[in-house]
Structures are given as structure tokens and as C-alpha cells.
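Contents: one structure, followed by commentary.
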Amino acid sequence: MTILVLEFKVPEEAFHSDGNIKSFLHHLLPSIFSYFISFSTIVILWMDHHNLFRLLKRADPPLVFLNFLFILFLSATPFTTSLAGRNYESPFAVSLVGINYLLMNLAFSSIWVYALKNKMISEQAQQQLSTKKENMIIAAGIVLSLAGIPLAYVSTYITFSLFFIILIIHMIRLWRH
């Protein structure tokens with residue numbers, strides 16, 4: 001979690017009224033929301049990552065490479081969400097979050113598929129985690145991230161809603177395990 005840095009800066013000069021403080025905080029709301037999305041996404045994916053690697057019997061260089069790709073895209077999350085938070089009405093900025101989420105989900109799914117195909121996970125764990133519901137949850141993250149990219153050019157708010165739905169889906173899944 002050391003990749004997260006809180007970038008909310010308090011102005012050097014003092015506020016002269018409560019109204020100024022409220023106005024300042026209101027102006028920060030998109031950045032606060034994007035920070036929440038970023039932080040929550042990283043926490044959830046970190047938990048998924050931890051759970052998956054806990055089940056591995058072994059690892060090999062291709063699996064380690066796929067893991068590096070996942071961490072690369074995961075570590076870009078604070079940047080893309082911060083950019084979108086500051087430019088929340090910019091379809092391009094918001095679509096970058098969708099691209100980042102898509103690449104992150106594809107990399108994580110690749111780790112999962114590679115580990116399953118190469119029998120790196122115990123039989124019992126494979127049966128428990130290779131259910132239709134698990135596959136649908138993984139697919140939902142990919143499909144919703146992909147859908148969010150062009151939808152950002154229709155409405156950035158719809159795209160942010162999709163990102164929030166992805167979070168909710170993964171939170172529910174983690175709570176059930």
C-alpha cells in the first residue's frame with residue numbers, strides 16, 4: 001500500500017470564514033471521490049492478489065512476469081484516478097481510468113488462468129474457486145471496465161458509476177469468502 005500518496009493540499013494562507021472552508025472542500029469533492037475509488041480498488045485487488053497467491057503451490061518465471069504486469073497497472077491507479085478526479089468532465093481523462101482498470105483486470109485474470117492451466121493451485125482450491133459465479137465476477141470487471149472507455153464520451157458520470165459498481169461487486173465477493 002506504499003504506492004498511495006494523499007495529494008490533498010491545504011492552501012498556505014488561512015481561511016477567513018467557514019464559508020471559505022466549505023467552498024474549498026466542495027471544490028475537492030471530485031478528487032476525494034477519485035481517491036476513494038483508487039484506494040478501494042487497490043485494497044480490493046490487493047486482497048484478491050493475496051488470496052490467489054496464498055493458494056499457489058509454486059510459481060515460475062511466466063507467472064512472475066504476469067504478476068509484474070498486474071503490479072504495473074495497479075501502481076498506475078492513483079495517477080489515472082487522480083487525473084480523472086481533477087478533470088472529471090474530461091472523457092479522455094476518465095477513459096484512461098477505464099483503460100487502466102481493463103489492463104489491471106486482464107493482467108490479474110491472466111495470472112489466474114495461467115495458474116489454473118499449469119496446475120499451480122491445489123485441486124480443492126481449484127474446485128472451490130473455479131465456479132461459474134467466480135468466472136462471472138471476473139468477467140464483469142473486464143466487461144464493465146471495457147464498457148466504461150467509450151461510455152466516458154457519452155457521460156463521465158455513467159463511467160464513474162460503472163467503476164463504483166465494479167467495486168461493489170468485488171466487495172460483495174470478498175465478504176462472502
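Chains: A, B, ... in order of the C-alpha cells. Residues: from 1 per chain. Ligands: from 1, in order shown.
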
Compile the contact shell of Tyr153 of chain A as a ChimeraX atom specification: residues with an atom at most 12 Å away, counting only C-alpha atoms, same-chain residues fewer than 2 positions apart removed.
-> /A:88-96,98,147-151,155-160

Could you write out the selected residues, including C-alpha atoms, as a CSV table (one decimal), in the first residue's frame?
chain,number,residue,atom,x,y,z
A,88,TYR,CA,-13.9,14.6,-14.1
A,89,GLU,CA,-15.8,16.1,-17.1
A,90,SER,CA,-13.0,15.1,-19.5
A,91,PRO,CA,-13.9,11.9,-21.4
A,92,PHE,CA,-10.3,11.3,-22.2
A,93,ALA,CA,-9.2,11.5,-18.5
A,94,VAL,CA,-12.0,9.3,-17.4
A,95,SER,CA,-11.5,6.8,-20.2
A,96,LEU,CA,-7.8,6.5,-19.1
A,98,GLY,CA,-11.2,2.6,-17.7
A,147,ALA,CA,-17.7,-0.5,-21.5
A,148,GLY,CA,-16.6,2.5,-19.4
A,149,ILE,CA,-14.0,3.5,-22.0
A,150,PRO,CA,-16.4,4.6,-24.8
A,151,LEU,CA,-19.1,5.5,-22.4
A,155,SER,CA,-21.2,10.7,-19.8
A,156,THR,CA,-18.3,10.6,-17.5
A,157,TYR,CA,-20.7,10.2,-14.6
A,158,ILE,CA,-22.0,7.0,-16.1
A,159,THR,CA,-18.5,5.7,-16.4
A,160,PHE,CA,-17.7,6.7,-12.8

For Asn105 of chain A, please output as JSON, numbers by chain all residues within 10 Å (counting only C-alpha atoms; exclusion window: fewer than 5 positions along the same chain).
-> {"A": [45, 70, 73, 74, 99, 100, 110, 111, 138, 139, 140, 141, 142, 143, 145]}

Put those residues in a file: C-alpha atoms, as a PDB file, in the first residue's frame.
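Contents of result_6.pdb, as written:
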ATOM      1  CA  LEU A  45      -7.295  -6.089  -5.698  1.00  0.00           C
ATOM      2  CA  PHE A  70      -0.511  -6.676 -12.763  1.00  0.00           C
ATOM      3  CA  PHE A  73      -1.151  -1.447 -13.870  1.00  0.00           C
ATOM      4  CA  LEU A  74      -2.154  -1.469 -10.206  1.00  0.00           C
ATOM      5  CA  ILE A  99      -8.131   1.561 -19.782  1.00  0.00           C
ATOM      6  CA  ASN A 100      -6.083   1.195 -16.601  1.00  0.00           C
ATOM      7  CA  SER A 110      -4.089 -13.894 -16.824  1.00  0.00           C
ATOM      8  CA  ILE A 111      -2.369 -14.805 -13.556  1.00  0.00           C
ATOM      9  CA  ILE A 138     -14.007 -11.722 -13.091  1.00  0.00           C
ATOM     10  CA  ALA A 139     -15.709 -11.221 -16.461  1.00  0.00           C
ATOM     11  CA  ALA A 140     -17.900  -8.432 -15.040  1.00  0.00           C
ATOM     12  CA  GLY A 141     -14.821  -6.420 -14.051  1.00  0.00           C
ATOM     13  CA  ILE A 142     -13.396  -6.786 -17.554  1.00  0.00           C
ATOM     14  CA  VAL A 143     -16.668  -6.059 -19.371  1.00  0.00           C
ATOM     15  CA  SER A 145     -14.103  -1.579 -17.499  1.00  0.00           C
TER      16      SER A 145
END

Give me, please, the distance in Å between atom CA of Ala107 of chain A and atom CA of Met171 of chain A, quoted to one decimal.
->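 If I compute the distance from atom CA of Ala107 of chain A to atom CA of Met171 of chain A, I get 19.3 Å.
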
All residues 7 Å or closer to Gly85 of chain A, only C-alpha atoms, same chain fewer than 5 positions away omitted, as a PyMOL selection string = chain A and resi 30-31+34

Restrict the calculation to only C-alpha atoms, then for each residue of segment 88-158 of chain A with any atom at most 8 Å from an atom of segment 47-57 of chain A give the closest atom pair and their distance in Å to one decimal, rows by chain and rising residue number, as JSON lines.
{"residue": "A:Phe108", "atom": "CA", "partner": "A:His49", "partner_atom": "CA", "distance": 7.9}
{"residue": "A:Trp112", "atom": "CA", "partner": "A:Leu52", "partner_atom": "CA", "distance": 7.6}
{"residue": "A:Ala115", "atom": "CA", "partner": "A:Leu56", "partner_atom": "CA", "distance": 7.6}
{"residue": "A:Met120", "atom": "CA", "partner": "A:Lys57", "partner_atom": "CA", "distance": 5.3}
{"residue": "A:Ile121", "atom": "CA", "partner": "A:Leu56", "partner_atom": "CA", "distance": 4.8}
{"residue": "A:Ser122", "atom": "CA", "partner": "A:Lys57", "partner_atom": "CA", "distance": 6.8}
{"residue": "A:Ala125", "atom": "CA", "partner": "A:Leu55", "partner_atom": "CA", "distance": 7.0}

List every residue of chain A that DSSP, applied to the backbone of this structure, places in helix (DSSP H, G or I), and write the result as a ChimeraX atom specification.
-> /A:18-55,61-86,91-117,123-129,132-151,156-176

Put those residues in a file: C-alpha atoms, as a compact mmCIF listing (two decimals), in the first residue's frame.
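Okay, this is what ended up in selection-v1.txt:
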# COMPACT_ATOMS: atom_id res chain seq x y z
CA ASP A 18 -16.32 28.77 7.47
CA GLY A 19 -17.84 29.51 4.08
CA ASN A 20 -14.37 29.60 2.52
CA ILE A 21 -13.52 26.24 4.10
CA LYS A 22 -16.80 24.73 2.86
CA SER A 23 -16.18 26.11 -0.63
CA PHE A 24 -12.64 24.70 -0.62
CA LEU A 25 -13.89 21.26 0.47
CA HIS A 26 -16.72 21.34 -2.09
CA HIS A 27 -14.14 22.04 -4.79
CA LEU A 28 -12.17 18.98 -3.61
CA LEU A 29 -15.14 16.55 -3.79
CA PRO A 30 -14.24 15.08 -7.21
CA SER A 31 -10.66 14.50 -6.05
CA ILE A 32 -11.87 12.97 -2.78
CA PHE A 33 -14.23 10.67 -4.71
CA SER A 34 -11.49 9.61 -7.13
CA TYR A 35 -9.14 8.99 -4.20
CA PHE A 36 -11.80 6.79 -2.56
CA ILE A 37 -12.25 4.82 -5.80
CA SER A 38 -8.48 4.47 -6.20
CA PHE A 39 -7.84 3.42 -2.61
CA SER A 40 -10.77 0.97 -2.55
CA THR A 41 -9.76 -0.56 -5.87
CA ILE A 42 -6.21 -1.10 -4.71
CA VAL A 43 -7.31 -2.58 -1.37
CA ILE A 44 -9.74 -5.00 -3.01
CA LEU A 45 -7.29 -6.09 -5.70
CA TRP A 46 -4.52 -6.42 -3.13
CA MET A 47 -6.79 -8.73 -1.11
CA ASP A 48 -7.65 -10.74 -4.24
CA HIS A 49 -3.95 -10.92 -5.10
CA HIS A 50 -3.06 -12.06 -1.59
CA ASN A 51 -5.81 -14.71 -1.62
CA LEU A 52 -4.70 -16.05 -5.00
CA PHE A 53 -1.01 -16.22 -4.12
CA ARG A 54 -1.84 -17.90 -0.82
CA LEU A 55 -3.34 -20.77 -2.85
CA PRO A 61 9.03 -17.12 -14.37
CA PRO A 62 5.99 -16.63 -16.65
CA LEU A 63 3.71 -16.34 -13.60
CA VAL A 64 6.10 -13.85 -12.00
CA PHE A 65 6.10 -11.81 -15.24
CA LEU A 66 2.28 -11.75 -15.30
CA ASN A 67 2.39 -10.63 -11.68
CA PHE A 68 4.77 -7.79 -12.60
CA LEU A 69 2.32 -6.66 -15.29
CA PHE A 70 -0.51 -6.68 -12.76
CA ILE A 71 1.53 -4.61 -10.28
CA LEU A 72 2.50 -2.18 -13.08
CA PHE A 73 -1.15 -1.45 -13.87
CA LEU A 74 -2.15 -1.47 -10.21
CA SER A 75 0.50 1.12 -9.39
CA ALA A 76 -0.82 3.40 -12.18
CA THR A 77 -4.24 3.54 -10.49
CA PRO A 78 -3.54 6.53 -8.20
CA PHE A 79 -2.29 8.56 -11.18
CA THR A 80 -5.18 7.78 -13.53
CA THR A 81 -7.86 8.27 -10.88
CA SER A 82 -6.26 11.50 -9.65
CA LEU A 83 -6.15 12.81 -13.22
CA ALA A 84 -9.81 11.88 -13.70
CA GLY A 85 -10.77 13.38 -10.33
CA ARG A 86 -9.27 16.71 -11.27
CA PRO A 91 -13.94 11.95 -21.37
CA PHE A 92 -10.28 11.29 -22.19
CA ALA A 93 -9.15 11.52 -18.55
CA VAL A 94 -12.00 9.28 -17.35
CA SER A 95 -11.46 6.78 -20.19
CA LEU A 96 -7.82 6.46 -19.06
CA VAL A 97 -9.13 5.07 -15.77
CA GLY A 98 -11.19 2.56 -17.75
CA ILE A 99 -8.13 1.56 -19.78
CA ASN A 100 -6.08 1.20 -16.60
CA TYR A 101 -8.81 -0.90 -14.92
CA LEU A 102 -9.18 -3.05 -18.04
CA LEU A 103 -5.44 -3.75 -18.23
CA MET A 104 -5.32 -4.43 -14.49
CA ASN A 105 -8.26 -6.87 -14.70
CA LEU A 106 -6.78 -8.60 -17.75
CA ALA A 107 -3.39 -8.98 -16.05
CA PHE A 108 -4.96 -10.38 -12.88
CA SER A 109 -7.16 -12.75 -14.90
CA SER A 110 -4.09 -13.89 -16.82
CA ILE A 111 -2.37 -14.81 -13.56
CA TRP A 112 -5.46 -16.75 -12.50
CA VAL A 113 -5.84 -18.59 -15.83
CA TYR A 114 -2.13 -19.36 -16.07
CA ALA A 115 -2.04 -20.75 -12.52
CA LEU A 116 -5.11 -22.91 -13.17
CA LYS A 117 -3.89 -24.23 -16.53
CA GLU A 123 -7.32 -29.43 -6.58
CA GLN A 124 -9.57 -28.44 -3.69
CA ALA A 125 -8.94 -24.72 -4.23
CA GLN A 126 -9.49 -25.13 -7.98
CA GLN A 127 -12.90 -26.71 -7.41
CA GLN A 128 -13.84 -24.08 -4.85
CA LEU A 129 -12.76 -21.07 -6.90
CA LYS A 132 -19.41 -20.11 -12.72
CA LYS A 133 -20.07 -17.31 -10.22
CA GLU A 134 -16.34 -16.60 -9.76
CA ASN A 135 -15.81 -16.52 -13.52
CA MET A 136 -18.77 -14.18 -13.96
CA ILE A 137 -17.38 -11.78 -11.34
CA ILE A 138 -14.01 -11.72 -13.09
CA ALA A 139 -15.71 -11.22 -16.46
CA ALA A 140 -17.90 -8.43 -15.04
CA GLY A 141 -14.82 -6.42 -14.05
CA ILE A 142 -13.40 -6.79 -17.55
CA VAL A 143 -16.67 -6.06 -19.37
CA LEU A 144 -17.61 -3.05 -17.21
CA SER A 145 -14.10 -1.58 -17.50
CA LEU A 146 -14.20 -2.04 -21.26
CA ALA A 147 -17.70 -0.52 -21.48
CA GLY A 148 -16.58 2.48 -19.42
CA ILE A 149 -13.99 3.54 -22.01
CA PRO A 150 -16.37 4.57 -24.83
CA LEU A 151 -19.14 5.48 -22.36
CA THR A 156 -18.25 10.65 -17.46
CA TYR A 157 -20.75 10.24 -14.62
CA ILE A 158 -22.04 6.97 -16.09
CA THR A 159 -18.46 5.73 -16.36
CA PHE A 160 -17.68 6.66 -12.75
CA SER A 161 -20.86 4.78 -11.79
CA LEU A 162 -19.58 1.68 -13.62
CA PHE A 163 -16.30 1.89 -11.71
CA PHE A 164 -18.26 2.11 -8.48
CA ILE A 165 -20.35 -0.93 -9.49
CA ILE A 166 -17.14 -2.90 -10.14
CA LEU A 167 -16.02 -2.04 -6.61
CA ILE A 168 -19.33 -3.14 -5.10
CA ILE A 169 -19.25 -6.46 -6.99
CA HIS A 170 -15.74 -7.24 -5.76
CA MET A 171 -16.52 -6.11 -2.19
CA ILE A 172 -19.51 -8.45 -2.02
CA ARG A 173 -17.39 -11.31 -3.38
CA LEU A 174 -14.65 -10.72 -0.81
CA TRP A 175 -17.13 -10.56 2.07
CA ARG A 176 -18.59 -13.91 1.03
